[in-house]
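Structure, as structure tokens:
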Amino acid sequence: MADGTSPLIRCGIDILEIARVERFLLGTPHKDLLRIFSKEELCDVGEGPGRTASLAARFAAKEACLKLFPRETALGSPRALELIARHRLKAIAVSLAHDKTSASAVAVAEPASPCRIPSPVRSAPPRRRTSPPAS
């Protein structure tokens, strides 16, 4: 930005095929699903025809959030509240979408306050002393 501040907004995105999630759900015991989805998430999506697409979108959201913090993700399983505190975030907004074949999500992390980026120091050229005109 022109005023020397940079909001350092982070963005993560993920997309996946719903068919892959469907195969995963069919071959995974319920107790193992609880390692990926909370009980509340599994209850929220219900058992109806849109269950797989909804879970796929929620999984995409989790992946998009992990992409906000690639270093921490590579080092191990980050905890959301720890990351929010460490990076001084104001909010993380998530948008989910799905159609018949794919699910996607975008996550945007907004810092609590803009960071100041110091401007480069510019020094003025030294002034030359001029001698008074010779008389």
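Identifiers in the structure tokens: chain A, B, ... in order shown; residue index from 1 per chain; ligand index from 1 in order shown.
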(Q) Using only C-alpha atoms, which protein or nucleic acid residues come within 9 Å of region 19-30 of chain A? Drop anything in the same chain fewer than 6 positions from it, and give the result as a VMD selection string. (A) chain A and resid 52 to 53 55 to 56 59 101 to 102
Using only N, CA and C atoms, please write the residues we just selected to a file, as a short mmCIF file (atom, residue, chain, number, x, y, z; two decimals), in the first residue's frame.
```
data_model
loop_
_atom_site.label_atom_id
_atom_site.label_comp_id
_atom_site.auth_asym_id
_atom_site.auth_seq_id
_atom_site.Cartn_x
_atom_site.Cartn_y
_atom_site.Cartn_z
N THR A 52 -22.87 -36.32 1.42
CA THR A 52 -21.51 -36.46 0.89
C THR A 52 -20.99 -35.12 0.37
N ALA A 53 -21.82 -34.40 -0.36
CA ALA A 53 -21.39 -33.09 -0.89
C ALA A 53 -21.09 -32.11 0.24
N LEU A 55 -20.15 -32.87 3.36
CA LEU A 55 -18.91 -33.27 4.01
C LEU A 55 -17.70 -32.97 3.13
N ALA A 56 -17.85 -33.10 1.83
CA ALA A 56 -16.75 -32.77 0.92
C ALA A 56 -16.42 -31.28 1.00
N PHE A 59 -14.61 -30.67 4.24
CA PHE A 59 -13.22 -31.14 4.15
C PHE A 59 -12.39 -30.14 3.35
N THR A 101 -20.47 -32.55 -8.92
CA THR A 101 -19.23 -33.32 -9.02
C THR A 101 -18.08 -32.86 -8.13
N SER A 102 -18.10 -31.61 -7.70
CA SER A 102 -16.96 -31.11 -6.92
C SER A 102 -17.41 -30.21 -5.78
#
```
Give me every alpha helix (DSSP H) residue in region 36-120 of chain A, going by DSSP on the backbone, as a short mmCIF file (atom, residue, chain, number, x, y, z; two decimals) with C-alpha atoms, in the first residue's frame.
```cif
data_model
loop_
_atom_site.label_atom_id
_atom_site.label_comp_id
_atom_site.auth_asym_id
_atom_site.auth_seq_id
_atom_site.Cartn_x
_atom_site.Cartn_y
_atom_site.Cartn_z
CA LYS A 39 -19.71 -35.02 16.01
CA GLU A 40 -21.48 -31.71 15.37
CA GLU A 41 -20.40 -31.67 11.73
CA LEU A 42 -21.60 -35.23 11.17
CA CYS A 43 -24.94 -34.41 12.83
CA ASP A 44 -25.34 -31.16 10.86
CA VAL A 45 -25.05 -32.86 7.48
CA ARG A 51 -24.55 -35.56 3.01
CA THR A 52 -21.51 -36.46 0.89
CA ALA A 53 -21.39 -33.09 -0.89
CA SER A 54 -21.68 -31.23 2.42
CA LEU A 55 -18.91 -33.27 4.01
CA ALA A 56 -16.75 -32.77 0.92
CA ALA A 57 -17.21 -28.99 1.18
CA ARG A 58 -16.34 -29.10 4.89
CA PHE A 59 -13.22 -31.14 4.15
CA ALA A 60 -12.24 -28.61 1.45
CA ALA A 61 -12.69 -25.84 4.05
CA LYS A 62 -10.33 -27.62 6.45
CA GLU A 63 -7.74 -27.99 3.68
CA ALA A 64 -8.13 -24.34 2.64
CA CYS A 65 -7.53 -23.26 6.25
CA LEU A 66 -4.40 -25.42 6.45
CA PRO A 70 1.86 -23.76 5.13
CA ARG A 71 4.86 -23.72 7.47
CA GLU A 72 2.90 -24.79 10.53
CA THR A 73 1.01 -27.40 8.52
CA ALA A 74 4.28 -28.91 7.26
CA LEU A 75 5.65 -29.08 10.81
CA ALA A 80 -6.68 -23.21 15.25
CA LEU A 81 -6.70 -21.11 18.41
CA GLU A 82 -2.91 -21.26 18.71
CA LEU A 83 -2.50 -20.05 15.13
CA ILE A 84 -5.01 -17.25 15.55
CA ALA A 85 -3.15 -16.00 18.63
CA ARG A 86 0.35 -16.46 17.15
#
```
Distance query region 88-100 of chain A at most 6 Å, only C-alpha atoms, self and fewer than 4 positions along chain excluded, as a compact mmCIF listing (two decimals) with N, CA and C atoms, in the first residue's frame:
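File produced: around-v1.txt:
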```txt
# COMPACT_ATOMS: atom_id res chain seq x y z
N ALA A 57 -17.44 -30.44 1.06
CA ALA A 57 -17.21 -28.99 1.18
C ALA A 57 -16.55 -28.67 2.51
N ILE A 84 -4.35 -18.55 15.51
CA ILE A 84 -5.01 -17.25 15.55
C ILE A 84 -4.27 -16.32 16.50
N SER A 104 -15.71 -27.12 -3.09
CA SER A 104 -14.58 -26.22 -2.95
C SER A 104 -14.80 -25.30 -1.77
N ALA A 105 -13.70 -24.71 -1.33
CA ALA A 105 -13.76 -23.76 -0.23
C ALA A 105 -12.62 -22.76 -0.36
N VAL A 106 -12.87 -21.55 0.11
CA VAL A 106 -11.87 -20.50 0.17
C VAL A 106 -11.83 -20.02 1.61
N ALA A 107 -10.62 -19.86 2.15
CA ALA A 107 -10.44 -19.33 3.50
C ALA A 107 -9.57 -18.08 3.40
N VAL A 108 -10.00 -17.03 4.11
CA VAL A 108 -9.26 -15.77 4.12
C VAL A 108 -9.02 -15.38 5.57
N ALA A 109 -7.75 -15.15 5.91
CA ALA A 109 -7.38 -14.74 7.27
C ALA A 109 -7.04 -13.25 7.26
N GLU A 110 -7.69 -12.51 8.15
CA GLU A 110 -7.46 -11.08 8.24
C GLU A 110 -6.71 -10.77 9.53
N PRO A 111 -5.61 -10.04 9.45
CA PRO A 111 -4.86 -9.72 10.66
C PRO A 111 -5.64 -8.76 11.56
N ALA A 112 -5.32 -8.77 12.86
CA ALA A 112 -6.01 -7.92 13.81
C ALA A 112 -5.76 -6.45 13.52
```
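Nearest to Leu8 (chain A) of all the residues A:Lys31, A:Ser113, A:Ala103, A:Pro49 is A:Ser113, based on only C-alpha atoms.
The gap separating CA of Gly12 (chain A) from CA of Arg79 (chain A) is 16.5 Å, in Å to one decimal.
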Q.
I need the strand (DSSP E or B) residues of region 38-125 of chain A per DSSP on the backbone, written as a PyMOL selection string.
A. chain A and resi 89-98+102-111+115-116
Output N, CA and C atoms for every residue in that selection, as an mmCIF file, in the first residue's frame.
```cif
data_model
loop_
_atom_site.group_PDB
_atom_site.id
_atom_site.type_symbol
_atom_site.label_atom_id
_atom_site.label_comp_id
_atom_site.auth_asym_id
_atom_site.auth_seq_id
_atom_site.Cartn_x
_atom_site.Cartn_y
_atom_site.Cartn_z
ATOM 1 N N LEU A 89 -4.590 -12.748 14.427
ATOM 2 C CA LEU A 89 -5.642 -12.638 13.419
ATOM 3 C C LEU A 89 -6.916 -12.063 14.017
ATOM 4 N N LYS A 90 -7.576 -11.258 13.230
ATOM 5 C CA LYS A 90 -8.872 -10.707 13.610
ATOM 6 C C LYS A 90 -9.969 -11.723 13.318
ATOM 7 N N ALA A 91 -9.874 -12.367 12.162
ATOM 8 C CA ALA A 91 -10.914 -13.319 11.760
ATOM 9 C C ALA A 91 -10.409 -14.205 10.634
ATOM 10 N N ILE A 92 -11.054 -15.355 10.510
ATOM 11 C CA ILE A 92 -10.866 -16.221 9.352
ATOM 12 C C ILE A 92 -12.255 -16.433 8.761
ATOM 13 N N ALA A 93 -12.423 -16.002 7.540
ATOM 14 C CA ALA A 93 -13.703 -16.165 6.844
ATOM 15 C C ALA A 93 -13.571 -17.339 5.880
ATOM 16 N N VAL A 94 -14.604 -18.173 5.830
ATOM 17 C CA VAL A 94 -14.583 -19.356 4.978
ATOM 18 C C VAL A 94 -15.847 -19.368 4.117
ATOM 19 N N SER A 95 -15.672 -19.656 2.851
ATOM 20 C CA SER A 95 -16.793 -19.795 1.939
ATOM 21 C C SER A 95 -16.735 -21.186 1.320
ATOM 22 N N LEU A 96 -17.859 -21.910 1.370
ATOM 23 C CA LEU A 96 -17.935 -23.275 0.855
ATOM 24 C C LEU A 96 -18.920 -23.331 -0.306
ATOM 25 N N ALA A 97 -18.639 -24.205 -1.251
ATOM 26 C CA ALA A 97 -19.554 -24.394 -2.383
ATOM 27 C C ALA A 97 -19.418 -25.822 -2.904
ATOM 28 N N HIS A 98 -20.492 -26.307 -3.510
ATOM 29 C CA HIS A 98 -20.417 -27.604 -4.182
ATOM 30 C C HIS A 98 -21.470 -27.679 -5.267
ATOM 31 N N SER A 102 -18.103 -31.608 -7.701
ATOM 32 C CA SER A 102 -16.965 -31.114 -6.918
ATOM 33 C C SER A 102 -17.413 -30.206 -5.784
ATOM 34 N N ALA A 103 -16.527 -30.115 -4.793
ATOM 35 C CA ALA A 103 -16.740 -29.231 -3.654
ATOM 36 C C ALA A 103 -15.509 -28.354 -3.523
ATOM 37 N N SER A 104 -15.708 -27.121 -3.093
ATOM 38 C CA SER A 104 -14.578 -26.221 -2.949
ATOM 39 C C SER A 104 -14.795 -25.301 -1.766
ATOM 40 N N ALA A 105 -13.696 -24.707 -1.327
ATOM 41 C CA ALA A 105 -13.756 -23.759 -0.230
ATOM 42 C C ALA A 105 -12.618 -22.760 -0.363
ATOM 43 N N VAL A 106 -12.871 -21.553 0.114
ATOM 44 C CA VAL A 106 -11.873 -20.502 0.174
ATOM 45 C C VAL A 106 -11.830 -20.018 1.611
ATOM 46 N N ALA A 107 -10.621 -19.856 2.147
ATOM 47 C CA ALA A 107 -10.435 -19.326 3.497
ATOM 48 C C ALA A 107 -9.574 -18.079 3.401
ATOM 49 N N VAL A 108 -9.995 -17.034 4.109
ATOM 50 C CA VAL A 108 -9.256 -15.770 4.122
ATOM 51 C C VAL A 108 -9.018 -15.380 5.569
ATOM 52 N N ALA A 109 -7.753 -15.147 5.914
ATOM 53 C CA ALA A 109 -7.380 -14.739 7.270
ATOM 54 C C ALA A 109 -7.041 -13.254 7.259
ATOM 55 N N GLU A 110 -7.686 -12.512 8.148
ATOM 56 C CA GLU A 110 -7.460 -11.077 8.241
ATOM 57 C C GLU A 110 -6.712 -10.771 9.531
ATOM 58 N N PRO A 111 -5.606 -10.036 9.452
ATOM 59 C CA PRO A 111 -4.862 -9.717 10.664
ATOM 60 C C PRO A 111 -5.642 -8.756 11.564
ATOM 61 N N CYS A 115 0.045 -4.151 9.582
ATOM 62 C CA CYS A 115 1.450 -4.115 9.984
ATOM 63 C C CYS A 115 2.129 -2.953 9.273
ATOM 64 N N ARG A 116 2.964 -2.258 9.987
ATOM 65 C CA ARG A 116 3.727 -1.172 9.366
ATOM 66 C C ARG A 116 4.984 -1.742 8.748
#
```
Q: To one decimal in Å, tell me the separation between CA of Ile15 (chain A) and CA of Lys67 (chain A).
A: 12.2 Å
